[in-house]
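Asker: Could you have a look at this structure, given as C-alpha cells, before my questions?
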Amino acid sequence: MPDHPGKSAIEVRGVRKVFGTGDAQVAALDTVSVSIRENEFFTLLGPSGCGKTTLLRLIAGFDFPSEGEILLYGQDIAPLPPFKRPVNTVFQSYALFPHMTVAENIGFGLEMLGKPKAEIKARVAEMLKLVKMEALSARRTSQISGGQQQRVALARALAPQPKVLLLDEPLSALDYKLRKEMQIELKRLQHQTGITFIFVTHDQEEALTMSDRIAVMSAGKILQVGTPWDIYDKPAERFVADFIGETNFLTAAITDIGNGKARATLKSGATIDATVAEGFQPKDNATVVVRPEHAKLTSGKGDLSGTIENIVYFGTDTHIHVQLDSGEAFTVRQQNTRSAGCGFERGDKVGVSIGNDAAQVLRD
Amino acid sequence: MADPRSADIKDQPGFRSIAIICLCVLYAPILILMIFSLNTGSLVTRWEGIGLGWYGSALLNQEFHNAAKNTLIISVTATIISTIAATLAAIGMTRVKPWRGLSAAFMVINLPLMVPEIITAVATLSFFALIAGTLGLNFGIGNLILAHTVFCIPFAYMPIRARLEDMDLTLEAAAADLYATPWHAFRRITLPLLVPGILSGGALAFIVSFDDFTITQLVAGPGQTTLPLYIWNQIRRPMTPEINAISTILLLVSILFVSISFLIARRRAK
C-alpha cells in the first residue's frame, strides 16, 4: 500500500557527522549520500566503527548531522527531534520499558500520539497477533524470553505505523537458531506491513539473505550500494569483496575495456573474460576477484597452475588451497558428493580453470 | 573448619574473635540501653525488674511530645524539600549536556558531607545571627528547617544520582522515538523508574535530619527543642530509665527508616 509510488522513502544527501572538536575531531560519516526506496528492505552493512549506526541515529534523530540533508519523502527531517519524526526504531538492547506490561509497551507510541483508547486497544491487539504474542500481553517485559522481547520491541516500533522502521542490529543478542527464525520473521513482517525497513548489521550472511539492497560501509563511507547479488558477484572494491564471503585476489593487466567488460591477462599468461567495476580507471596492474566456487581444479592445464597446499572438508563442500606458481594463493570450493572424495591430494600439481563469467575487475 | 590453604579472610586466624569484639563494642551499649528502658526501678544502672512503666511515662511527658512534634515538623519538611532539590540536581547533572562548572556544582552539593559538622553549625549560626541583626529577619523554626534542608541534600542526592546513572539511556531514547516529548518521556519513563532512588534518598535524608544534634543545638532558639536536644538536656539531670525509653523509641524509628532505605535499594538491585 505505498502511497508515494516510485519515490524514495529516505534520501541522505551529503551527510557528514563529526564528533569532537579541534585535533580530536573524528568524522564518523564522511559525506554520505544514499537513496532508500519505498517499501524496500535496505541494509547498512559494515564492521563496527564504520558509521552504520551513526547513520541510523541521524535518521532516527538521536544525533544531528554536522552537514547535509536527510529527506523523508522529500521533507528535510535532519533538524527535527526524534519525537517529531514518523520513524521508529528497534534497538539492539530492545529498550523495553521495564515498568510496563507487554501491551503497555506496544501501545506507548500510539498513546503519545494522542490516539483514542479504543483505537490503541485494537491496534495493540492487532500487533500482538502479528508477532504471535497474544498470550503474553499482560506480562512484564522482564518475565519473557529474549526472543519474545525481540518480538515486543518489533511490535512496539511497528504499532504507530511509521513511514520507515529502523533496526539496529536487532538479532545480535539471539542465539543462532532463534536468529535464523527471526530473519524469516522479519522478512514476513516487512512484506505484511509494507513498511520500509532500514536494517543495520555487521553480519554479511544476514545482509545477503534478508535484504532487497545493501549498502556496504567502511570508515564513514558507503563503498557500494546494490542487490545482494551485485554486492556478492560484482564487488566494486577490495574491501567489499573481502568483507562479503571468501574470495581470491589476482593481479592482472586489463585490456579491451568496453561495455562493462574487459579482457584480463593474469600473471600465468592466461587471458580471461571479466566484468569491470563502475568507476574503474585504466592502470597497469588491476585486481581481479574470483569466488572460490566459480573456479575449477583440473589435473591438466588450466588458466592458472600451482600445487595443492591444503584440503579442508566442510560437509557441504571442500575447500582446496592452492599455491599458484605466480606466488599468489588461490582457493577453490568444490561441492561434495556422498561416496567420492574430492579427487585430489595435498602436493598434487594442478591447474585452475576460471569460468567465462567468473572474474570481476575491482576499481581500487 | 579452618582450612590453611584457604585465601578467604574469614578463615584467617583471629578474624572471628576480632569481629566479635568489634560487634560487642558497637552494639552492647545500645543493647544495655534498650534493656534498661524496661527497668522498673528509677536508676539506669541498677536492675530491679521488668516493666513498660518508663515507656508510659515517656509517652505522657509533655516535653517529650513537644520535642517529638518539633522534630517531625523539621525532619518531614526538610526531607521533602531536600529530596525535591536533590532530584532536580541529580537530573540536571546526569541528563543534560556537560556544562561548565558541572564538577564544581557536584562538589558544592557534596561539600556538607566533607565539612566538619561543627564548622557548618557555627557558620549557620553566624549566618542566621547576621540576617537577624541586619535585616531583622528570624524565621523561627524555619531557621532549623532551612539548616536541615541544606545538609540533607547530599544524602538524598547520592542514591538518586546512582539510580539515574544506572538507568539505561536508550529507554529515554526509545520514548522519544515513540513520539514522547521530553516532558512525557520524563513523566512516563524516567520518573517512575527513579521512584526507588527518590524513596531511598528521602529515607536517608529523614534519618539524618531526625537525629541531627550539632547544628540543631547551635541554631535552635527557645521552644525549638528537638528529640536529640531533649535527650541531651535530660542526661544533665539525674537520669531515669525514661531517657532509655525515649532513646529506644528514637532508635526504633531510625532502624525503621534505614531498613526501608535498604530494602528499596535491594529491590532495585534485583
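In the C-alpha cells, each chain is lettered A, B, ... as it comes, each chain's residues begin at 1, and ligands are numbered from 1 in order of appearance.
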Near chain B, which residues of chain A fall within 9 Å when you count only C-alpha atoms, and what do they look like as a ChimeraX atom specification?

Answerer: /A:60-62,81-91,93-99,108-113,156-157,160

Asker: Run DSSP on the backbone and give me the residues of segment 70-223 of chain B it puts in helix (DSSP H, G or I), as number ranges by chain.

Answerer: B: 70-94, 102-114, 117-135, 141-166, 169-177, 182-210, 214-219

Asker: Take atom CA of Val76 of chain B and atom CA of Leu135 of chain B and report the distance between them in Å, one decimal.

Answerer: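 Atom CA of Leu135 of chain B lies at a distance of 27.9 Å from atom CA of Val76 of chain B.
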
Asker: Find the residues around Thr149 of chain B up to 12 Å (only C-alpha atoms counted), leave out those fewer than 5 positions away in its own chain, and share them as a count of residues only.

Answerer: 31

Asker: Need to verify the contact set: Asp30 of chain A, 9 Å, only C-alpha atoms, exclusion of same-chain residues closer than 3 positions in sequence. Can you return it as a list in words?

Answerer: Gly14, Val15, Arg16, Lys17, Val18, Ala27, Gly51, Ala219, Gly220, Lys221 and Ile222 of chain A

Asker: With N, CA, C and O atoms kept, could you save the residues just selected as a PDB file, in the first residue's frame?

Answerer:
ATOM      1  N   GLY A  14      24.688  14.165   1.091  1.00  0.00           N
ATOM      2  CA  GLY A  14      25.946  14.799   1.525  1.00  0.00           C
ATOM      3  C   GLY A  14      26.071  14.934   3.026  1.00  0.00           C
ATOM      4  O   GLY A  14      26.482  15.982   3.526  1.00  0.00           O
ATOM      5  N   VAL A  15      25.721  13.889   3.752  1.00  0.00           N
ATOM      6  CA  VAL A  15      25.732  13.992   5.213  1.00  0.00           C
ATOM      7  C   VAL A  15      27.108  13.690   5.788  1.00  0.00           C
ATOM      8  O   VAL A  15      27.734  12.685   5.468  1.00  0.00           O
ATOM      9  N   ARG A  16      27.574  14.630   6.603  1.00  0.00           N
ATOM     10  CA  ARG A  16      28.806  14.445   7.368  1.00  0.00           C
ATOM     11  C   ARG A  16      28.447  14.468   8.835  1.00  0.00           C
ATOM     12  O   ARG A  16      27.577  15.228   9.257  1.00  0.00           O
ATOM     13  N   LYS A  17      29.103  13.644   9.618  1.00  0.00           N
ATOM     14  CA  LYS A  17      28.918  13.730  11.062  1.00  0.00           C
ATOM     15  C   LYS A  17      30.292  13.701  11.707  1.00  0.00           C
ATOM     16  O   LYS A  17      31.044  12.739  11.546  1.00  0.00           O
ATOM     17  N   VAL A  18      30.600  14.772  12.398  1.00  0.00           N
ATOM     18  CA  VAL A  18      31.903  14.892  13.029  1.00  0.00           C
ATOM     19  C   VAL A  18      31.704  14.881  14.535  1.00  0.00           C
ATOM     20  O   VAL A  18      30.837  15.585  15.060  1.00  0.00           O
ATOM     21  N   ALA A  27      35.615  12.094  11.920  1.00  0.00           N
ATOM     22  CA  ALA A  27      34.453  12.075  11.027  1.00  0.00           C
ATOM     23  C   ALA A  27      33.864  10.674  11.039  1.00  0.00           C
ATOM     24  O   ALA A  27      34.425   9.756  10.466  1.00  0.00           O
ATOM     25  N   GLY A  51      30.396   3.467  10.801  1.00  0.00           N
ATOM     26  CA  GLY A  51      29.480   4.598  10.683  1.00  0.00           C
ATOM     27  C   GLY A  51      28.039   4.201  10.423  1.00  0.00           C
ATOM     28  O   GLY A  51      27.161   5.046  10.323  1.00  0.00           O
ATOM     29  N   ALA A 219      34.793   2.871   7.258  1.00  0.00           N
ATOM     30  CA  ALA A 219      35.439   4.125   7.654  1.00  0.00           C
ATOM     31  C   ALA A 219      34.621   5.361   7.289  1.00  0.00           C
ATOM     32  O   ALA A 219      35.124   6.330   6.721  1.00  0.00           O
ATOM     33  N   GLY A 220      33.331   5.319   7.619  1.00  0.00           N
ATOM     34  CA  GLY A 220      32.485   6.500   7.439  1.00  0.00           C
ATOM     35  C   GLY A 220      32.013   6.743   6.021  1.00  0.00           C
ATOM     36  O   GLY A 220      31.464   7.795   5.717  1.00  0.00           O
ATOM     37  N   LYS A 221      32.276   5.795   5.118  1.00  0.00           N
ATOM     38  CA  LYS A 221      31.870   5.991   3.722  1.00  0.00           C
ATOM     39  C   LYS A 221      31.030   4.814   3.246  1.00  0.00           C
ATOM     40  O   LYS A 221      31.212   3.693   3.720  1.00  0.00           O
ATOM     41  N   ILE A 222      30.141   5.093   2.285  1.00  0.00           N
ATOM     42  CA  ILE A 222      29.432   3.998   1.617  1.00  0.00           C
ATOM     43  C   ILE A 222      30.239   3.629   0.391  1.00  0.00           C
ATOM     44  O   ILE A 222      30.487   4.453  -0.478  1.00  0.00           O
TER      45      ILE A 222
END
